[in-house]
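J.: This is the structure I have questions about; it appears just below.
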Amino acid sequence: MKHRIVVLGAGYAGAQAANLLARRIPPEDAEVVLVNAESGFVERMRLHQVAAGQDLEPRLLAAMFTGTGVDLRIASVTAVDADARTVALDHPDGRTEILGYDTLVYALGSAVNDNGVPGAAEHAHQIASRPGALLLRDRLRSLAEGSHLLFVGEGLTGIEGVTETAESYPHLDVALVARGEPGAWLSAGAQRHLARAFDRLGVTVLPHTAVARVEPGAVITEDGTAIAADATVWTGGFAVHPIADASALSTADNGQILVDRDMRSVSHPEVLAIGDAARAVANSGLALPMSCYTAGVTAMAAVNTLTAALTGHRALALPPIHYGNHISLGRRDAIIQALNGGVRSFGWYLGGRTAARLKEAALRSVARNVDGADLQLPVRARRVRARPARATT
């Protein structure tokens with residue numbers, strides 16, 4: 001019986017892990033099953049571009065995994081039974097399936113987090129998903145000159161979204177509401193660069209402003225102030241998929257799966273969690289942020305762990321270190337902020353057109369890493385040593 005590896009989620013982490021596993025482990029010994037709810041790959045790091053009206057070439061998962069040996073299944077995951085080693089799937093044609101696994105790679109990722117703010121889900125747009133970005137694109141195109149567009153959230157998504165939109169729609173009155181200071185984690189020089197970008201693009205920043213609720217034409221702050229908004233975009237962070245928290249897997253308070261340094265679940269070692277779904281700890285002792293960089297590092301770590309367990313051959317390990325942030329500020333400006341090996345910044349940063357070009361290069365590199373047709377890796381060379389019996393099929 002082949003060792004069955006089931007990968008849940010084909011985002012940045014899951015797609016890369018599936019491709020790597022299919023190349024490192026011979027198909028005679030193992031099968032890699034990749035499950036994803038959508039048929040297309042979503043470049044989340046470019047969704048602010050989609051919302052701003054830029055057309056990106058569609059990328060179908062079927063084409064990306066052609067010739068890789070990965071068994072792609074388009075279905076929604078409804079449950080994980082970690083004790084029985086099964087996952088429950090709903091297929092688009094109405095079929096249900098109970099899929100057994102020997103090893104599970106959990107990469108279901110995250111979605112927008114409204115933090116329980118009343119009205120945020122009903123009245124605000126979001127750019128954490130492709131459907132959300134497309135809805136915002138249509139709304140932006142319908143706004144008249146001088147309309148008020150309000151972004152809520154001072155993190156990377158809010159900064160990239162508000163600057164991209166302000167550059168593409170200069171006739172709108174664009175503002176950013178921040179609970180603290182936008183980019184507060186950046187070095188002093190990078191913060192000044194960000195402030196100059198906001199000024200250049202005409203973005204009004206409202207710092208230290210907490211939103212109590214969202215209404216159809218305004219947001220109401222905690223002190224009762226109403227801020228007019230013909231359209232509101234909620235970028236207040238991410239929440240992980242709730243399935244892990246509803247399973248027997250040990251999870252953190254926010255629902256992320258607790259893992260060791262090898263990305264194995266601390267409660268079920270036959271489950272590896274990667275990307276936003278995992279509570280991965282950096283060398284600094286701090287949890288890595290939900291980001292594309294974290295997706296890549298944790299995916300590689302999990303693949304190395306599983307390859308070593310099955311074949312006895314351990315590839316070069318990548319420590320969970322976050323080296324920097326790439327922040328786009330429209331199409332012609334960006335910030336690259338170096339981090340101290342954990343999640344805190346230090347003095348060095350790069351800004352301007354060179355940083356924008358490097359940001360674009362990084363995005364293209366990530367796209368190659370998740371595409372089986374582009375990924376250049378060594379040919380399989382190691383056979384599986386043992387095939388543990390599957391709990392259930």
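Ordering of the structure tokens sets the chain letters (A, B, ...); residue numbers start at 1 within each chain; ligands are numbered from 1 in the order shown.
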Got a sec: who's within 10 Å of Ala280 of chain A, counting only C-alpha atoms, leaving out chain neighbours fewer than 6 positions off, as a list in words?

T.: Gln256, Ile257, Leu258, Val259, Asp260, Arg261, Asp262, Met263, Ala273, Ile274, Leu286, Ala287, Leu288, Pro289, Met290, Thr294, Val297, Thr298, Pro320 and Ile321 of chain A

J.: Go ahead and write the residues just picked, N, CA and C atoms, as a PDB file, in the first residue's frame.

T.:
```pdb
ATOM      1  N   GLN A 256      -4.895  28.425  15.562  1.00  0.00           N
ATOM      2  CA  GLN A 256      -3.747  27.868  14.860  1.00  0.00           C
ATOM      3  C   GLN A 256      -3.319  26.550  15.506  1.00  0.00           C
ATOM      4  N   ILE A 257      -2.846  25.623  14.678  1.00  0.00           N
ATOM      5  CA  ILE A 257      -2.399  24.330  15.181  1.00  0.00           C
ATOM      6  C   ILE A 257      -1.034  24.489  15.847  1.00  0.00           C
ATOM      7  N   LEU A 258      -0.914  23.977  17.048  1.00  0.00           N
ATOM      8  CA  LEU A 258       0.356  24.032  17.766  1.00  0.00           C
ATOM      9  C   LEU A 258       1.311  23.004  17.180  1.00  0.00           C
ATOM     10  N   VAL A 259       2.499  23.455  16.767  1.00  0.00           N
ATOM     11  CA  VAL A 259       3.462  22.569  16.120  1.00  0.00           C
ATOM     12  C   VAL A 259       4.817  22.678  16.803  1.00  0.00           C
ATOM     13  N   ASP A 260       5.654  21.649  16.573  1.00  0.00           N
ATOM     14  CA  ASP A 260       7.026  21.709  17.057  1.00  0.00           C
ATOM     15  C   ASP A 260       7.913  22.331  15.979  1.00  0.00           C
ATOM     16  N   ARG A 261       9.210  22.266  16.151  1.00  0.00           N
ATOM     17  CA  ARG A 261      10.130  22.904  15.202  1.00  0.00           C
ATOM     18  C   ARG A 261      10.105  22.238  13.833  1.00  0.00           C
ATOM     19  N   ASP A 262       9.612  20.998  13.770  1.00  0.00           N
ATOM     20  CA  ASP A 262       9.527  20.274  12.505  1.00  0.00           C
ATOM     21  C   ASP A 262       8.163  20.415  11.845  1.00  0.00           C
ATOM     22  N   MET A 263       7.301  21.266  12.387  1.00  0.00           N
ATOM     23  CA  MET A 263       5.953  21.529  11.886  1.00  0.00           C
ATOM     24  C   MET A 263       4.983  20.386  12.165  1.00  0.00           C
ATOM     25  N   ALA A 273       1.332  20.964  10.105  1.00  0.00           N
ATOM     26  CA  ALA A 273       0.595  22.192   9.811  1.00  0.00           C
ATOM     27  C   ALA A 273       1.551  23.250   9.288  1.00  0.00           C
ATOM     28  N   ILE A 274       1.121  23.986   8.272  1.00  0.00           N
ATOM     29  CA  ILE A 274       1.992  24.977   7.641  1.00  0.00           C
ATOM     30  C   ILE A 274       1.198  26.236   7.303  1.00  0.00           C
ATOM     31  N   LEU A 286       9.237  34.296  19.281  1.00  0.00           N
ATOM     32  CA  LEU A 286       7.960  34.899  18.917  1.00  0.00           C
ATOM     33  C   LEU A 286       7.303  34.106  17.793  1.00  0.00           C
ATOM     34  N   ALA A 287       5.977  34.093  17.775  1.00  0.00           N
ATOM     35  CA  ALA A 287       5.248  33.405  16.720  1.00  0.00           C
ATOM     36  C   ALA A 287       5.444  34.141  15.397  1.00  0.00           C
ATOM     37  N   LEU A 288       5.684  33.386  14.327  1.00  0.00           N
ATOM     38  CA  LEU A 288       5.809  34.002  13.011  1.00  0.00           C
ATOM     39  C   LEU A 288       4.471  34.573  12.576  1.00  0.00           C
ATOM     40  N   PRO A 289       4.483  35.713  11.889  1.00  0.00           N
ATOM     41  CA  PRO A 289       3.222  36.324  11.459  1.00  0.00           C
ATOM     42  C   PRO A 289       2.596  35.539  10.314  1.00  0.00           C
ATOM     43  N   MET A 290       1.304  35.731  10.117  1.00  0.00           N
ATOM     44  CA  MET A 290       0.634  35.143   8.967  1.00  0.00           C
ATOM     45  C   MET A 290       1.101  35.901   7.726  1.00  0.00           C
ATOM     46  N   THR A 294       6.161  33.256   5.705  1.00  0.00           N
ATOM     47  CA  THR A 294       5.958  32.174   6.659  1.00  0.00           C
ATOM     48  C   THR A 294       5.440  30.927   5.957  1.00  0.00           C
ATOM     49  N   VAL A 297       8.507  29.176   4.300  1.00  0.00           N
ATOM     50  CA  VAL A 297       9.442  28.594   5.265  1.00  0.00           C
ATOM     51  C   VAL A 297       8.838  27.366   5.933  1.00  0.00           C
ATOM     52  N   THR A 298       7.578  27.455   6.353  1.00  0.00           N
ATOM     53  CA  THR A 298       6.960  26.319   7.036  1.00  0.00           C
ATOM     54  C   THR A 298       6.679  25.174   6.077  1.00  0.00           C
ATOM     55  N   PRO A 320      12.979  28.524  11.133  1.00  0.00           N
ATOM     56  CA  PRO A 320      11.849  29.455  11.036  1.00  0.00           C
ATOM     57  C   PRO A 320      12.266  30.881  11.379  1.00  0.00           C
ATOM     58  N   ILE A 321      12.829  31.552  10.395  1.00  0.00           N
ATOM     59  CA  ILE A 321      13.299  32.922  10.577  1.00  0.00           C
ATOM     60  C   ILE A 321      12.593  33.820   9.566  1.00  0.00           C
TER      61      ILE A 321
END
```

J.: Skipping near chain neighbours, those fewer than 3 positions away, what residues fall within 6 Å of segment 125-128 of chain A using only C-alpha atoms, listed as number ranges by chain?

T.: A: 112, 132-133, 233-234

J.: Write the residues of the preceding selection, restricted to C-alpha atoms, as a tab-separated table (two decimals), in the first residue's frame.

T.:
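Below you can see again.tsv, which holds the result:
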```
chain	number	residue	atom	x	y	z
A	112	VAL	CA	-10.53	38.09	6.90
A	132	GLY	CA	-14.03	39.96	-2.14
A	133	ALA	CA	-11.45	41.76	-4.28
A	233	VAL	CA	-12.76	48.19	3.23
A	234	TRP	CA	-12.02	46.04	6.27
```

J.: Val240 of chain A: which residues within 12 Å, counting only C-alpha atoms, same-chain residues fewer than 5 positions away excluded, as a PDB file with C-alpha atoms, in the first residue's frame?

T.:
```pdb
ATOM      1  CA  TYR A 106      -2.852  20.977   6.936  1.00  0.00           C
ATOM      2  CA  ALA A 107      -2.650  24.242   4.994  1.00  0.00           C
ATOM      3  CA  LEU A 108      -6.185  25.609   4.973  1.00  0.00           C
ATOM      4  CA  GLY A 109      -4.941  29.104   5.679  1.00  0.00           C
ATOM      5  CA  SER A 110      -6.977  32.050   6.850  1.00  0.00           C
ATOM      6  CA  ALA A 111      -9.715  34.517   5.965  1.00  0.00           C
ATOM      7  CA  VAL A 112     -10.532  38.087   6.903  1.00  0.00           C
ATOM      8  CA  ASN A 113     -11.043  38.691  10.623  1.00  0.00           C
ATOM      9  CA  ALA A 128      -8.586  38.615   1.692  1.00  0.00           C
ATOM     10  CA  ASP A 245     -10.147  24.095  16.290  1.00  0.00           C
ATOM     11  CA  ALA A 246     -13.186  21.810  15.935  1.00  0.00           C
ATOM     12  CA  THR A 251      -4.626  24.549  18.894  1.00  0.00           C
ATOM     13  CA  ALA A 252      -3.707  27.981  20.182  1.00  0.00           C
ATOM     14  CA  ASP A 253      -6.313  30.471  21.360  1.00  0.00           C
ATOM     15  CA  ASN A 254      -6.678  31.827  17.821  1.00  0.00           C
ATOM     16  CA  GLY A 255      -7.229  28.376  16.304  1.00  0.00           C
ATOM     17  CA  GLN A 256      -3.747  27.868  14.860  1.00  0.00           C
ATOM     18  CA  ILE A 257      -2.399  24.330  15.181  1.00  0.00           C
ATOM     19  CA  ALA A 273       0.595  22.192   9.811  1.00  0.00           C
ATOM     20  CA  ILE A 274       1.992  24.977   7.641  1.00  0.00           C
ATOM     21  CA  GLY A 275       1.291  28.551   6.615  1.00  0.00           C
ATOM     22  CA  ASP A 276      -1.282  30.637   8.433  1.00  0.00           C
ATOM     23  CA  ALA A 277      -2.764  27.482   9.969  1.00  0.00           C
ATOM     24  CA  ALA A 278       0.326  26.801  12.096  1.00  0.00           C
ATOM     25  CA  ARG A 279       1.594  28.461  15.261  1.00  0.00           C
ATOM     26  CA  MET A 290       0.634  35.143   8.967  1.00  0.00           C
TER      27      MET A 290
END
```

J.: Between A:Phe65, A:Tyr12, A:Phe198, A:Tyr349, which has the minimum distance to Val42 of chain A (counting only C-alpha atoms)?

T.: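 Result for the nearest residue to Val42 of chain A: A:Tyr12.
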
J.: Can you work out the spacing between atom CA of Ser168 of chain A and atom CA of Val117 of chain A in Å, to one decimal?

T.: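 Taking atom CA of Ser168 of chain A as the start and atom CA of Val117 of chain A as the end point, the length is 28.6 Å.
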
J.: Go through A:Ala178, A:Ala184, A:Ala309, A:Ile335 one by one, measure the shortest atom-to-atom distance of each to Glu270 of chain A using only C-alpha atoms, and give the residue with the smallest value.

T.: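 Looking at the shortest contact to Glu270 of chain A, the residue is A:Ala309.
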
J.: Determine which residues of segment 192-353 of chain A receive a DSSP assignment of strand (DSSP E), computed from the backbone, and state them as a PyMOL selection string.

T.: chain A and resi 204-206+211-215+218-221+226-228+231-234+238-240+257-258+271-273+278-279+324-328+334-339+345-351

J.: For Glu164 of chain A, list every protein, DNA or RNA residue within 8 Å, evaluated using only C-alpha atoms, and leave out those in the same chain fewer than 2 positions away; present the list as a PyMOL selection string.

T.: chain A and resi 48-49+52+160-162+166-168+328-331

J.: How would the residues just chosen look if you wrote them out with C-alpha atoms as a PDB file, in the first residue's frame?

T.:
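The result, written out as selection.pdb:
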```pdb
ATOM      1  CA  HIS A  48      -5.115  44.598  -3.722  1.00  0.00           C
ATOM      2  CA  GLN A  49      -4.088  44.951  -7.368  1.00  0.00           C
ATOM      3  CA  ALA A  52      -7.729  48.400  -7.810  1.00  0.00           C
ATOM      4  CA  GLU A 160      -0.900  47.981   0.377  1.00  0.00           C
ATOM      5  CA  GLY A 161      -4.630  48.225  -0.292  1.00  0.00           C
ATOM      6  CA  VAL A 162      -5.023  51.911   0.486  1.00  0.00           C
ATOM      7  CA  ALA A 166      -5.299  55.798  -4.053  1.00  0.00           C
ATOM      8  CA  GLU A 167      -2.863  55.565  -6.948  1.00  0.00           C
ATOM      9  CA  SER A 168      -5.444  53.960  -9.264  1.00  0.00           C
ATOM     10  CA  SER A 328       4.129  47.690  -2.095  1.00  0.00           C
ATOM     11  CA  LEU A 329       2.989  51.318  -2.158  1.00  0.00           C
ATOM     12  CA  GLY A 330       1.360  51.354  -5.561  1.00  0.00           C
ATOM     13  CA  ARG A 331       3.117  50.233  -8.743  1.00  0.00           C
TER      14      ARG A 331
END
```

J.: Excluding Arg364 of chain A and residues on its chain fewer than 4 positions from it, collect all residues at most 12 Å away from it, counting only C-alpha atoms, and give them as a PyMOL selection string.

T.: chain A and resi 43+45-46+357-360+368-371+374

J.: Using only C-alpha atoms, can you tell me which of A:Thr221, A:Gly202, A:His326, A:Arg137 comes closest to Ala355 of chain A?

T.: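 Ranked by minimum distance to Ala355 of chain A, first place goes to A:His326.
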
J.: Counting only C-alpha atoms, what is within 8 Å of His123 of chain A, bar same-chain residues fewer than 6 positions away, as a PyMOL selection string?

T.: chain A and resi 214-216+232

J.: Determine the nearest neighbour of Leu194 of chain A from the options A:Gly119, A:Leu350, A:Ala308, A:Val70, counting only C-alpha atoms.

T.: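 Residue with the minimum atom-to-atom distance to Leu194 of chain A: A:Leu350.
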
J.: Rounded to one decimal place, report the atom CA of Gly312 of chain A-atom CA of Pro26 of chain A distance in Å.

T.: 13.6 Å

J.: Run DSSP on the backbone and grab whatever in segment 80-308 of chain A lands in alpha helix (DSSP H); send it over as JSON, numbers by chain.

T.: {"A": [120, 121, 122, 123, 130, 131, 132, 133, 134, 135, 136, 137, 138, 139, 140, 141, 142, 156, 157, 158, 159, 160, 161, 162, 163, 164, 165, 166, 167, 168, 188, 189, 190, 191, 192, 193, 194, 195, 196, 197, 198, 199, 200, 201, 292, 293, 294, 295, 296, 297, 298, 299, 300, 301, 302, 303, 304, 305, 306, 307, 308]}
